[in-house]
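A.B. asks: Hey, dropping target_14.cif in here, mmCIF, C-alpha atoms and all ligand atoms:
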data_protein
loop_
_atom_site.label_atom_id
_atom_site.label_comp_id
_atom_site.auth_asym_id
_atom_site.auth_seq_id
_atom_site.Cartn_x
_atom_site.Cartn_y
_atom_site.Cartn_z
CA MET A 8 84.70 87.15 94.67
CA LEU A 9 82.25 88.67 97.17
CA THR A 10 81.35 92.35 96.90
CA ASP A 11 79.63 94.47 99.55
CA GLU A 12 76.78 96.92 99.02
CA PHE A 13 79.30 99.69 98.45
CA GLY A 14 80.96 97.91 95.55
CA ARG A 15 84.04 96.86 97.53
CA GLU A 16 85.31 93.41 96.56
CA VAL A 17 86.81 91.39 99.40
CA THR A 18 90.22 90.25 98.20
CA GLY A 19 92.06 89.94 101.52
CA VAL A 20 91.67 88.84 105.12
CA ARG A 21 93.42 90.09 108.20
CA VAL A 22 93.65 87.51 110.96
CA SER A 23 94.59 88.34 114.54
CA LEU A 24 96.16 85.20 116.02
CA THR A 25 96.33 86.36 119.64
CA ASP A 26 95.73 89.42 121.77
CA ARG A 27 98.71 88.57 123.98
CA CYS A 28 101.79 90.74 123.63
CA ASN A 29 105.23 91.12 125.17
CA PHE A 30 105.05 94.91 124.63
CA ASP A 31 102.56 97.40 126.02
CA CYS A 32 102.70 100.25 123.50
CA VAL A 33 101.08 103.39 124.82
CA TYR A 34 98.92 103.83 121.70
CA CYS A 35 97.91 100.22 121.00
CA HIS A 36 94.46 99.59 119.50
CA ASN A 37 94.98 95.79 119.49
CA GLU A 38 93.28 95.50 116.09
CA GLY A 39 90.10 97.05 117.34
CA LEU A 40 89.77 95.24 120.64
CA GLY A 41 91.33 97.75 123.02
CA ASP A 42 94.06 97.01 125.58
CA THR A 43 96.33 93.95 125.30
CA ARG A 44 97.02 91.32 127.91
CA GLY A 45 100.45 90.12 129.03
CA PRO A 46 102.20 87.17 127.37
CA MET A 47 101.67 84.84 130.29
CA ASP A 48 97.91 85.28 130.50
CA PRO A 49 95.63 82.36 129.62
CA GLN A 50 95.26 81.66 125.93
CA ASP A 51 92.36 79.24 125.77
CA ASP A 52 90.20 81.72 123.84
CA GLU A 53 92.53 81.72 120.80
CA MET A 54 91.52 79.99 117.58
CA GLY A 55 93.48 76.81 117.07
CA ALA A 56 95.53 76.22 113.91
CA ASP A 57 92.77 73.97 112.49
CA ASP A 58 90.17 76.73 112.94
CA VAL A 59 92.39 79.33 111.29
CA VAL A 60 93.14 77.05 108.34
CA ARG A 61 89.51 76.04 107.89
CA PHE A 62 88.52 79.71 107.72
CA LEU A 63 91.31 80.48 105.22
CA GLU A 64 90.23 77.59 103.01
CA VAL A 65 86.69 78.96 102.93
CA ALA A 66 87.97 82.48 102.18
CA ALA A 67 90.07 81.03 99.33
CA GLU A 68 86.91 79.52 97.82
CA PHE A 69 85.61 83.09 97.52
CA GLY A 70 88.74 84.17 95.64
CA VAL A 71 90.51 85.84 98.61
CA ASP A 72 94.16 85.99 97.58
CA SER A 73 95.99 87.52 100.53
CA VAL A 74 96.19 87.06 104.28
CA LYS A 75 97.83 89.27 106.87
CA PHE A 76 98.59 87.68 110.24
CA THR A 77 98.64 90.12 113.14
CA GLY A 78 97.70 90.40 116.80
CA GLY A 79 98.62 91.19 119.66
CA GLU A 80 102.01 89.75 118.87
CA PRO A 81 101.46 86.95 116.33
CA MET A 82 104.95 85.51 116.88
CA LEU A 83 103.91 84.46 120.40
CA ARG A 84 102.04 81.69 118.60
CA GLN A 85 104.33 78.68 118.51
CA ASP A 86 102.22 77.18 115.72
CA LEU A 87 102.66 80.20 113.40
CA GLU A 88 104.89 78.23 111.01
CA GLU A 89 102.29 75.44 110.86
CA ILE A 90 99.49 77.93 110.14
CA ILE A 91 101.53 79.57 107.37
CA ARG A 92 102.48 76.19 105.89
CA ARG A 93 98.82 75.15 105.76
CA THR A 94 97.58 78.46 104.29
CA PRO A 95 96.07 77.90 100.81
CA ASP A 96 98.70 78.32 98.09
CA GLN A 97 96.75 81.01 96.26
CA MET A 98 97.17 83.43 99.18
CA GLU A 99 100.04 85.85 99.58
CA VAL A 100 101.07 85.56 103.25
CA SER A 101 102.30 88.57 105.20
CA LEU A 102 102.93 89.21 108.88
CA THR A 103 102.94 92.30 111.09
CA THR A 104 105.09 91.89 114.17
CA ASN A 105 107.01 93.84 116.78
CA GLY A 106 110.08 91.97 115.56
CA THR A 107 111.49 90.68 118.86
CA PHE A 108 111.05 87.02 117.96
CA LEU A 109 112.38 87.22 114.40
CA PRO A 110 116.02 86.50 115.34
CA GLY A 111 116.43 82.73 115.01
CA ARG A 112 112.95 82.27 113.58
CA ALA A 113 112.71 84.38 110.41
CA GLU A 114 114.12 81.62 108.21
CA ALA A 115 111.66 79.02 109.47
CA LEU A 116 108.82 81.43 108.64
CA VAL A 117 110.16 81.90 105.13
CA ASP A 118 110.50 78.12 104.71
CA ALA A 119 106.87 77.80 105.77
CA GLY A 120 105.79 80.26 103.07
CA LEU A 121 105.93 83.77 104.58
CA GLU A 122 106.37 86.31 101.78
CA ARG A 123 106.39 89.72 103.47
CA VAL A 124 106.88 91.19 106.92
CA ASN A 125 106.13 94.55 108.53
CA VAL A 126 108.06 95.33 111.71
CA SER A 127 106.92 98.04 114.09
CA GLN A 128 109.70 100.47 114.90
CA ASP A 129 108.58 103.81 116.25
CA ALA A 130 111.91 105.39 117.09
CA LEU A 131 115.65 105.22 116.43
CA ASP A 132 116.59 105.89 120.03
CA PRO A 133 116.50 102.99 122.54
CA GLN A 134 115.25 105.16 125.40
CA ASP A 135 112.38 106.72 123.45
CA PHE A 136 111.58 103.28 122.04
CA ALA A 137 111.37 101.87 125.57
CA GLU A 138 109.07 104.68 126.65
CA ILE A 139 106.66 104.10 123.77
CA THR A 140 106.60 100.31 123.90
CA LYS A 141 107.08 100.00 127.68
CA SER A 142 109.82 97.55 126.83
CA GLY A 143 113.59 97.56 126.65
CA ALA A 144 113.76 95.32 123.59
CA TYR A 145 115.02 97.89 121.04
CA GLU A 146 118.16 95.86 120.24
CA LYS A 147 116.08 92.73 119.69
CA VAL A 148 113.85 94.60 117.26
CA ILE A 149 116.86 95.85 115.29
CA GLU A 150 118.22 92.26 115.26
CA GLY A 151 114.77 91.14 114.12
CA VAL A 152 114.78 93.54 111.18
CA ASP A 153 118.26 92.27 110.20
CA ALA A 154 117.11 88.65 110.50
CA ALA A 155 114.17 89.38 108.19
CA LEU A 156 116.46 91.03 105.63
CA GLU A 157 118.93 88.14 105.79
CA SER A 158 116.13 85.64 105.24
CA GLY A 159 115.18 87.37 102.02
CA LEU A 160 112.00 89.00 103.29
CA THR A 161 112.66 92.15 101.28
CA PRO A 162 111.49 94.80 101.29
CA VAL A 163 110.90 94.89 105.05
CA LYS A 164 108.40 97.60 105.95
CA LEU A 165 109.02 99.51 109.17
CA ASN A 166 105.72 100.57 110.74
CA MET A 167 105.81 103.84 112.64
CA VAL A 168 102.75 105.37 114.27
CA VAL A 169 102.95 109.14 113.90
CA PHE A 170 101.76 110.76 117.12
CA GLU A 171 103.02 113.28 119.63
CA HIS A 172 105.84 111.05 120.95
CA THR A 173 107.23 110.07 117.51
CA ALA A 174 106.56 112.93 115.07
CA GLY A 175 110.08 114.30 115.63
CA TYR A 176 111.57 111.05 114.31
CA VAL A 177 109.92 111.22 110.88
CA PRO A 178 112.85 112.94 109.04
CA GLU A 179 115.39 110.53 110.60
CA MET A 180 113.30 107.51 109.67
CA VAL A 181 112.87 108.76 106.09
CA ASP A 182 116.68 109.03 105.82
CA HIS A 183 117.09 105.64 107.54
CA VAL A 184 115.11 103.76 104.86
CA ALA A 185 116.75 105.72 102.03
CA GLU A 186 120.19 104.76 103.35
CA ASN A 187 119.47 101.10 104.09
CA GLU A 188 118.65 98.90 101.14
CA GLY A 189 115.74 96.55 101.65
CA LEU A 190 113.86 98.80 104.10
CA GLN A 191 110.67 100.77 103.45
CA LEU A 192 108.81 103.08 105.82
CA GLN A 193 105.11 103.00 106.59
CA LEU A 194 103.87 106.03 108.52
CA ILE A 195 100.60 105.22 110.27
CA GLU A 196 98.24 107.97 111.30
CA TYR A 197 97.53 107.67 115.00
CA MET A 198 94.01 106.35 115.51
CA PRO A 199 92.46 107.66 118.72
CA GLU A 200 89.09 105.89 118.30
CA LEU A 201 89.88 102.83 120.36
CA THR A 202 92.53 104.23 122.67
CA GLY A 203 91.24 107.64 123.79
CA LYS A 204 93.94 110.35 124.09
CA PRO A 205 92.94 112.58 121.13
CA GLU A 206 95.53 115.04 122.47
CA TRP A 207 98.30 112.87 120.95
CA ASN A 208 97.04 113.54 117.41
CA ILE A 209 99.32 114.98 114.76
CA ASP A 210 97.89 116.52 111.61
CA ILE A 211 98.87 113.91 109.01
CA GLU A 212 98.32 116.43 106.19
CA ARG A 213 101.41 118.28 107.40
CA VAL A 214 103.40 115.07 107.02
CA HIS A 215 101.98 114.56 103.50
CA ASP A 216 102.95 118.14 102.57
CA TRP A 217 106.47 117.75 103.95
CA LEU A 218 107.02 114.46 102.09
CA ALA A 219 105.54 115.85 98.86
CA GLU A 220 108.09 118.67 98.90
CA LYS A 221 110.97 116.23 99.24
CA ALA A 222 109.65 113.49 96.93
CA ASP A 223 111.21 112.57 93.58
CA ASP A 224 108.09 110.62 92.70
CA ILE A 225 104.62 110.00 94.20
CA GLU A 226 102.50 106.91 93.52
CA HIS A 227 99.04 105.80 94.61
CA ARG A 228 98.68 102.27 95.92
CA GLU A 229 95.42 100.56 94.97
CA MET A 230 94.82 99.36 98.56
CA HIS A 231 93.12 102.21 100.44
CA ASP A 232 94.35 104.60 97.72
CA ARG A 233 97.44 105.08 99.94
CA LYS A 234 100.10 107.56 98.80
CA ARG A 235 103.69 106.37 98.37
CA TYR A 236 106.53 108.91 98.31
CA TRP A 237 109.91 108.04 96.81
CA ILE A 238 112.66 110.08 98.47
CA ASN A 239 116.36 109.59 97.65
CA GLY A 240 115.65 106.00 96.63
CA GLY A 241 113.61 105.15 99.74
CA MET A 242 109.86 104.47 99.78
CA VAL A 243 107.54 106.03 102.37
CA GLU A 244 103.89 104.96 102.44
CA ILE A 245 101.23 106.75 104.46
CA VAL A 246 98.37 104.87 106.12
CA ASP A 247 95.85 107.61 106.88
CA PRO A 248 92.44 106.10 107.61
CA VAL A 249 91.14 108.68 110.07
CA GLU A 250 88.09 110.50 108.69
CA ASN A 251 89.21 109.51 105.21
CA PRO A 252 86.29 108.31 103.07
CA THR A 253 88.61 107.54 100.14
CA PHE A 254 90.63 105.14 102.32
CA CYS A 255 87.46 103.30 103.37
CA ALA A 256 86.08 103.27 99.83
CA ASN A 257 89.14 101.21 98.85
CA CYS A 258 89.04 98.83 101.81
CA HIS A 259 88.98 95.23 100.59
CA ARG A 260 89.67 93.20 103.74
CA VAL A 261 87.57 91.29 106.23
CA ARG A 262 89.06 90.79 109.66
CA VAL A 263 89.06 87.87 112.07
CA THR A 264 89.66 88.30 115.80
CA HIS A 265 91.88 85.90 117.75
CA GLU A 266 88.73 84.35 119.21
CA GLY A 267 87.42 83.54 115.74
CA TYR A 268 84.93 86.34 115.23
CA LEU A 269 84.46 87.69 111.73
CA LYS A 270 84.60 91.49 111.69
CA GLY A 271 83.85 93.80 108.77
CA CYS A 272 85.84 96.84 109.93
CA LEU A 273 88.69 97.62 112.32
CA ASN A 274 86.72 100.35 114.03
CA ARG A 275 83.45 98.48 114.49
CA ASN A 276 82.57 95.86 117.05
CA ASP A 277 78.82 95.78 116.40
CA ASP A 278 79.09 93.37 113.48
CA LEU A 279 81.00 90.51 115.14
CA VAL A 280 80.01 86.99 114.07
CA SER A 281 81.50 84.08 116.00
CA MET A 282 82.70 81.14 113.90
CA GLY A 283 82.82 79.09 117.14
CA ASP A 284 81.90 75.50 116.30
CA MET A 285 80.65 76.27 112.80
CA ASP A 286 81.23 73.78 110.01
CA ARG A 287 82.47 74.85 106.60
CA SER A 288 79.06 75.56 105.11
CA GLU A 289 78.10 77.68 108.13
CA ILE A 290 81.38 79.60 107.84
CA ARG A 291 80.63 80.20 104.15
CA ALA A 292 77.24 81.65 105.06
CA ALA A 293 78.70 83.76 107.88
CA PHE A 294 81.41 85.13 105.58
CA ARG A 295 78.76 86.10 103.01
CA ASP A 296 76.74 87.86 105.73
CA VAL A 297 79.69 89.80 107.11
CA VAL A 298 80.62 90.98 103.63
CA ALA A 299 77.01 91.91 102.90
CA ASN A 300 76.93 94.01 106.09
CA ARG A 301 80.23 95.83 105.54
CA VAL A 302 79.96 99.60 105.77
CA PRO A 303 82.74 102.10 105.04
CA TYR A 304 83.40 103.50 108.52
CA TYR A 305 84.27 106.99 107.38
CA GLY A 306 82.13 108.38 104.61
CA GLU A 307 78.97 106.55 105.50
CA TYR A 308 77.67 107.46 108.92
CA MET A 309 75.10 104.69 108.88
CA ILE A 310 74.65 101.62 111.04
CA ARG A 311 72.13 98.76 111.08
CA ASN A 312 69.94 98.64 114.20
CA ASP A 313 68.73 95.45 115.93
CA GLU A 314 65.81 95.27 113.50
CA GLY A 315 68.24 95.22 110.59
CA GLU A 316 67.31 98.72 109.46
CA TRP A 317 69.81 101.42 108.56
CA GLU A 318 70.05 104.37 110.91
CA ILE A 319 72.35 107.31 111.51
CA ASN A 320 75.02 106.42 114.07
CA ASP A 321 76.19 108.29 117.19
CA LYS A 322 79.31 109.55 115.46
CA TYR A 323 77.21 111.37 112.90
CA ILE A 324 75.01 112.85 115.63
CA GLU A 325 78.06 114.00 117.63
CA GLU A 326 79.68 115.59 114.62
CA TYR A 327 76.70 117.13 112.91
CA ALA A 328 74.03 117.66 115.59
CA GLY A 329 72.99 121.25 115.44
CA ALA A 330 75.18 121.97 112.42
N1 LIG B 401 91.39 101.97 110.04
C1 LIG B 401 92.18 101.13 109.37
N2 LIG B 401 93.48 101.04 109.68
C2 LIG B 401 94.24 100.21 108.98
C3 LIG B 401 93.75 99.41 107.94
N3 LIG B 401 94.76 98.67 107.42
C4 LIG B 401 95.84 98.99 108.13
N4 LIG B 401 95.55 99.92 109.07
C5 LIG B 401 96.44 100.49 110.07
O1 LIG B 401 97.76 100.26 109.69
C6 LIG B 401 98.39 99.41 110.64
C7 LIG B 401 99.50 98.65 110.00
O2 LIG B 401 99.03 97.76 109.06
P1 LIG B 401 99.90 96.50 108.73
O3 LIG B 401 99.42 95.35 109.52
O4 LIG B 401 101.33 96.78 108.86
O5 LIG B 401 99.59 96.16 107.27
P2 LIG B 401 99.05 96.98 106.06
O6 LIG B 401 99.79 98.24 105.87
O7 LIG B 401 97.59 97.12 106.23
O8 LIG B 401 99.32 95.99 104.85
P3 LIG B 401 100.59 95.87 103.87
O9 LIG B 401 101.08 97.26 103.64
O10 LIG B 401 100.05 95.26 102.64
O11 LIG B 401 101.57 95.02 104.55
C8 LIG B 401 97.22 98.62 111.20
O12 LIG B 401 97.45 97.97 112.41
C9 LIG B 401 96.23 99.73 111.38
O13 LIG B 401 96.61 100.55 112.46
C10 LIG B 401 92.36 99.51 107.64
O14 LIG B 401 91.83 98.86 106.75
N5 LIG B 401 91.64 100.40 108.39
C1 LIG B 402 98.22 96.09 116.78
S1 LIG B 402 99.82 95.82 116.10
C2 LIG B 402 99.88 94.05 115.97
C3 LIG B 402 101.14 93.48 115.39
C4 LIG B 402 102.41 93.63 116.17
N1 LIG B 402 102.27 93.42 117.55
C5 LIG B 402 103.06 94.96 115.87
O1 LIG B 402 103.12 95.81 116.77
O2 LIG B 402 103.49 95.14 114.75
C6 LIG B 402 99.68 96.26 114.37
C7 LIG B 402 100.02 97.68 114.04
O3 LIG B 402 99.06 98.53 114.59
C8 LIG B 402 99.67 99.75 114.85
N2 LIG B 402 98.85 100.49 115.83
C9 LIG B 402 98.53 100.08 117.07
N3 LIG B 402 97.76 101.00 117.69
C10 LIG B 402 97.59 102.02 116.83
C11 LIG B 402 96.89 103.26 116.89
N4 LIG B 402 96.23 103.66 117.97
N5 LIG B 402 96.92 104.06 115.79
C12 LIG B 402 97.59 103.66 114.69
N6 LIG B 402 98.27 102.50 114.58
C13 LIG B 402 98.27 101.69 115.63
C14 LIG B 402 101.01 99.33 115.42
O4 LIG B 402 101.98 100.31 115.34
C15 LIG B 402 101.36 98.15 114.54
O5 LIG B 402 102.16 98.57 113.46
S1 LIG B 403 103.69 95.39 119.89
FE1 LIG B 403 101.85 95.52 118.59
S2 LIG B 403 100.22 94.45 119.71
FE2 LIG B 403 101.92 94.76 121.12
S3 LIG B 403 101.35 96.58 122.28
FE3 LIG B 403 102.67 97.23 120.54
S4 LIG B 403 101.28 97.69 118.82
FE4 LIG B 403 100.13 96.54 120.37
S1 LIG B 404 86.07 100.56 106.52
FE1 LIG B 404 87.60 102.14 106.84
S2 LIG B 404 88.04 102.14 109.05
FE2 LIG B 404 86.96 100.22 108.55
S3 LIG B 404 88.59 98.73 108.24
FE3 LIG B 404 88.07 99.55 106.23
S4 LIG B 404 89.45 101.27 105.92
FE4 LIG B 404 89.51 100.75 108.10
#
So that I can check it, write out the structure of this file as structure tokens.
C.D. replies:
Amino acid sequence: MLTDEFGREVTGVRVSLTDRCNFDCVYCHNEGLGDTRGPMDPQDDEMGADDVVRFLEVAAEFGVDSVKFTGGEPMLRQDLEEIIRRTPDQMEVSLTTNGTFLPGRAEALVDAGLERVNVSQDALDPQDFAEITKSGAYEKVIEGVDAALESGLTPVKLNMVVFEHTAGYVPEMVDHVAENEGLQLQLIEYMPELTGKPEWNIDIERVHDWLAEKADDIEHREMHDRKRYWINGGMVEIVDPVENPTFCANCHRVRVTHEGYLKGCLNRNDDLVSMGDMDRSEIRAAFRDVVANRVPYYGEYMIRNDEGEWEINDKYIEEYAGA
């Protein structure tokens, strides 16, 4: 197992398979790469299945035991089943999707080895859903959630970004997962870093306080030290990375972009290493380097300069200059 300078073991990888998407959600960070392209745009920059599998095999050698496939919309990849089937057995395989392509395909993914799925669902009203996702596919998403449940992918986590447009839906969504067996809710703090629009922020502490008052039980998940609230039999997990050093201190995943760049942190693009035409031994070395250079984004306001020295980053200067 590889460990970075901050004592964080790397146990998981998060692989973006494409930056194409059939939605155009108003808040989308596209896994740290900014705006998404449409589904029909060229796709010759995407890693092929062989490249993805080769990387996963190397990661497995270092004891990595879980992989999350994401995007863009990862189900636009027609070879997703093949990639999952060829993923090393020791890895738990999960997928984050907008759900529209799950009807008719969820079972094939399970047959290939998919163990868990998160489906993004930001609202319970088709019109609001369409406004947020710039898509009219609400019914397809609901069908997708049902298809996942029927294929045995339980519990299915519903991802909901909490921001100005959705905050009003939180109570309804909490009831929704309590009333529907097999569903769990994941409330994601809106991250403005890569999208702009700080005015859409909601104070996530208020959501924590509200859930804590209603909760029968509260647990801490090891990953990111996330809180989980049990309310009337339903589970609600909060993903609250923004300015949260504890979240970063418990971050154990390396990321891979759809183009095959290794990336130590969602919010950083200054540490990208292209796997391009690398052979296995070069990928091993690159993986070691990326882990060695990982820095908790919040909590440590340090960055390596071109000479490889540590220096205070712009964020620190903006926040603390003159303080
Ligand atoms: N900043 C930051 N945000 C994260 C991180 N992990 C997850 N998130 C946010 O949470 C969103 C949803 O994550 P998912 O892809 O559903 O998966 P997950 O919650 O990380 O993993 P599981 O709960 O194990 O399925 C991501 O797209 C990010 O917006 C992280 O390490 N750092
Ligand atoms: C980038 S999407 C990729 C997978 C898939 N297309 C989907 O929507 O589930 C992964 C997750 O990131 C979340 N997300 C996107 N932009 C975000 C932002 N600015 N702040 C917080 N979460 C965000 C989405 O809600 C989604 O659950
Ligand atoms: S469905 Fe996912 S990738 Fe597509 S725009 Fe929405 S959040 Fe981004
Ligand atoms: S270091 Fe922090 S911001 Fe970066 S990926 Fe990990 S948890 Fe997210």
A.B. asks: Between A:Glu99, A:Glu146, A:Asp153, A:Glu138, single out the one closest to ligand LIG 401 (chain B), counting only C-alpha atoms and all ligand atoms.
C.D. replies: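 Closest residue, counting only C-alpha atoms and all ligand atoms: A:Glu99.
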A.B. asks: Rank A:Asn251, A:Asn300, A:Gln85, A:Ser288 by their smallest atom-to-atom distance to ligand LIG 404 (chain B), using all atoms listed in the file, and report the top residue only.
C.D. replies: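 Using all atoms listed in the file, the shortest distance to ligand LIG 404 (chain B) belongs to A:Asn251.
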A.B. asks: Compare A:Gln97, A:Asn125, A:Ser23, A:Asn29 by their minimum atom-to-atom distance to Tyr268 in chain A, counting all atoms listed in the file, and give me the closest one.
C.D. replies: A:Ser23
A.B. asks: Which residue, A:Leu9, A:Val17, A:Val263, A:Ala144, has the smallest gap to Met282 in chain A when you use only C-alpha atoms?
C.D. replies: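 Nearest candidate to Met282 in chain A out of A:Leu9, A:Val17, A:Val263, A:Ala144: A:Val263.
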A.B. asks: Return the padded bounding box of ligand LIG 403 (chain B) as AutoDock Vina command-line options: axis-aligned, built from all atoms listed in the file, 3 Å added on each side, with centre and edge lengths in Å to one decimal.
C.D. replies:
--center_x 101.9 --center_y 96.1 --center_z 120.4 --size_x 9.6 --size_y 9.2 --size_z 9.7
A.B. asks: Using all atoms listed in the file, which residues have at least one atom no more than 7 Å from ligand LIG 402 (chain B)? Output them as a ChimeraX atom specification.
C.D. replies: /A:28,34-38,77-81,103-105,125-127,166-168,195-199,201-202
A.B. asks: I'd like the contact shell of Gly175 in chain A - 12 Å cut-off, all atoms listed in the file, skipping same-chain residues fewer than 2 positions apart - returned as a ChimeraX atom specification.
C.D. replies: /A:129-132,135,167-173,177-181,209,214
A.B. asks: Enumerate, as a list in words, the protein, DNA and RNA residues whose atoms approach (76.4, 88.6, 110.3) to within 9 Å, taking into account all atoms listed in the file and the coordinate frame of the file.
C.D. replies: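 Using all atoms listed in the file, the matching residues come out as Leu269, Lys270, Asp278, Leu279, Val280, Ser281, Ala292, Ala293, Phe294, Arg295, Asp296, Val297, Val298, Ala299 and Asn300 of chain A.
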A.B. asks: Could you check how far CA of Lys75 in chain A sits from atom N2 of ligand LIG 401 (chain B), in Å to one decimal?
C.D. replies: 12.9 Å
A.B. asks: Name the residues within 6 Å of (84.9, 111.9, 107.6), counting all atoms listed in the file in the file's coordinates, and put them as a ChimeraX atom specification.
C.D. replies: /A:250-252,305-306
A.B. asks: Kindly indicate which residue among A:Pro110, A:Gly19, A:Gly240, A:Pro133 lies nearest to ligand LIG 404 (chain B), using all atoms listed in the file for the distances.
C.D. replies: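 Of the candidates, the smallest distance to ligand LIG 404 (chain B) is held by A:Gly19.
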A.B. asks: Ranking A:Asp31, A:Asp58, A:Glu188, A:Glu68 by minimum distance to Met285 in chain A and counting all atoms listed in the file, which one comes first?
C.D. replies: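 Ranking A:Asp31, A:Asp58, A:Glu188, A:Glu68 by distance to Met285 in chain A, first place goes to A:Asp58.
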A.B. asks: Write out as JSON lines a residue-level contact list of chain A versus ligand LIG 404 (chain B) with cut-off 9 Å: for each qualifying residue the closest pair of atoms and the distance in Å to one decimal, counting only C-alpha atoms and all ligand atoms, rows sorted by chain and residue number upward.
C.D. replies:
{"residue": "A:His231", "atom": "CA", "partner": "B:LIG404", "partner_atom": "S4", "distance": 6.7}
{"residue": "A:Pro248", "atom": "CA", "partner": "B:LIG404", "partner_atom": "S4", "distance": 5.9}
{"residue": "A:Val249", "atom": "CA", "partner": "B:LIG404", "partner_atom": "S2", "distance": 7.3}
{"residue": "A:Glu250", "atom": "CA", "partner": "B:LIG404", "partner_atom": "S2", "distance": 8.4}
{"residue": "A:Asn251", "atom": "CA", "partner": "B:LIG404", "partner_atom": "FE1", "distance": 7.7}
{"residue": "A:Pro252", "atom": "CA", "partner": "B:LIG404", "partner_atom": "FE1", "distance": 7.3}
{"residue": "A:Thr253", "atom": "CA", "partner": "B:LIG404", "partner_atom": "S4", "distance": 8.6}
{"residue": "A:Phe254", "atom": "CA", "partner": "B:LIG404", "partner_atom": "S4", "distance": 5.4}
{"residue": "A:Cys255", "atom": "CA", "partner": "B:LIG404", "partner_atom": "FE1", "distance": 3.7}
{"residue": "A:Ala256", "atom": "CA", "partner": "B:LIG404", "partner_atom": "S1", "distance": 7.2}
{"residue": "A:Asn257", "atom": "CA", "partner": "B:LIG404", "partner_atom": "S4", "distance": 7.1}
{"residue": "A:Cys258", "atom": "CA", "partner": "B:LIG404", "partner_atom": "FE3", "distance": 4.6}
{"residue": "A:His259", "atom": "CA", "partner": "B:LIG404", "partner_atom": "FE3", "distance": 7.2}
{"residue": "A:Arg260", "atom": "CA", "partner": "B:LIG404", "partner_atom": "FE3", "distance": 7.0}
{"residue": "A:Val261", "atom": "CA", "partner": "B:LIG404", "partner_atom": "S3", "distance": 7.8}
{"residue": "A:Arg262", "atom": "CA", "partner": "B:LIG404", "partner_atom": "S3", "distance": 8.1}
{"residue": "A:Lys270", "atom": "CA", "partner": "B:LIG404", "partner_atom": "S3", "distance": 9.0}
{"residue": "A:Gly271", "atom": "CA", "partner": "B:LIG404", "partner_atom": "S3", "distance": 6.9}
{"residue": "A:Cys272", "atom": "CA", "partner": "B:LIG404", "partner_atom": "S3", "distance": 3.7}
{"residue": "A:Leu273", "atom": "CA", "partner": "B:LIG404", "partner_atom": "S3", "distance": 4.2}
{"residue": "A:Asn274", "atom": "CA", "partner": "B:LIG404", "partner_atom": "S2", "distance": 5.5}
{"residue": "A:Arg275", "atom": "CA", "partner": "B:LIG404", "partner_atom": "FE2", "distance": 7.1}
{"residue": "A:Arg301", "atom": "CA", "partner": "B:LIG404", "partner_atom": "S1", "distance": 7.6}
{"residue": "A:Val302", "atom": "CA", "partner": "B:LIG404", "partner_atom": "S1", "distance": 6.2}
{"residue": "A:Pro303", "atom": "CA", "partner": "B:LIG404", "partner_atom": "S1", "distance": 4.0}
{"residue": "A:Tyr304", "atom": "CA", "partner": "B:LIG404", "partner_atom": "S1", "distance": 4.4}
{"residue": "A:Tyr305", "atom": "CA", "partner": "B:LIG404", "partner_atom": "FE1", "distance": 5.9}
{"residue": "A:Gly306", "atom": "CA", "partner": "B:LIG404", "partner_atom": "FE1", "distance": 8.6}
A.B. asks: Could you tell me how far CA of Arg123 in chain A sits from atom FE3 of ligand LIG 403 (chain B), in Å to one decimal place?
C.D. replies: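 Computed distance, atom FE3 of ligand LIG 403 (chain B) to CA of Arg123 in chain A, equals 19.0 Å.
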A.B. asks: Can you list, as a PyMOL selection string, every protein, DNA or RNA residue that comes within 9 Å of Asp118 in chain A when you count all atoms listed in the file, leaving out same-chain residues fewer than 4 positions away?
C.D. replies: chain A and resi 88+92+113-114
A.B. asks: Could you check how far CA of Arg233 in chain A sits from CA of Leu87 in chain A, in Å to one decimal?
C.D. replies: 28.8 Å
A.B. asks: Show me, as a list in words, the residues that have an atom within 6 Å of range 218-225 of chain A when counting only C-alpha atoms, minus same-chain residues fewer than 2 positions from it.
C.D. replies: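 Here the qualifying residues turn out to be His215, Asp216, Arg235, Tyr236, Trp237 and Ile238 of chain A.
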A.B. asks: Based on the selection just made, write C-alpha atoms of those residues as a PDB file, keeping the file's coordinate frame.
C.D. replies:
ATOM      1  CA  HIS A 215     101.980 114.560 103.500  1.00  0.00           C
ATOM      2  CA  ASP A 216     102.950 118.140 102.570  1.00  0.00           C
ATOM      3  CA  ARG A 235     103.690 106.370  98.370  1.00  0.00           C
ATOM      4  CA  TYR A 236     106.530 108.910  98.310  1.00  0.00           C
ATOM      5  CA  TRP A 237     109.910 108.040  96.810  1.00  0.00           C
ATOM      6  CA  ILE A 238     112.660 110.080  98.470  1.00  0.00           C
TER       7      ILE A 238
END
A.B. asks: Could you pull the residues within 6 Å of Glu266 in chain A, counting only C-alpha atoms, minus those fewer than 4 positions along the same chain, as a list in words?
C.D. replies: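 Final neighbour list, sorted by chain and number: Asp52, Glu53 and Met54 of chain A.
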A.B. asks: Within 10 Å of Glu89 in chain A, counting all atoms listed in the file, which residues qualify if same-chain residues fewer than 2 places away don't, as a list in words?
C.D. replies: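 Listing them by chain and then by number gives Ala56, Asp57, Val60, Arg84, Gln85, Asp86, Leu87, Ile91, Arg92, Arg93, Thr94, Leu116, Ala119 and Gly120 of chain A.
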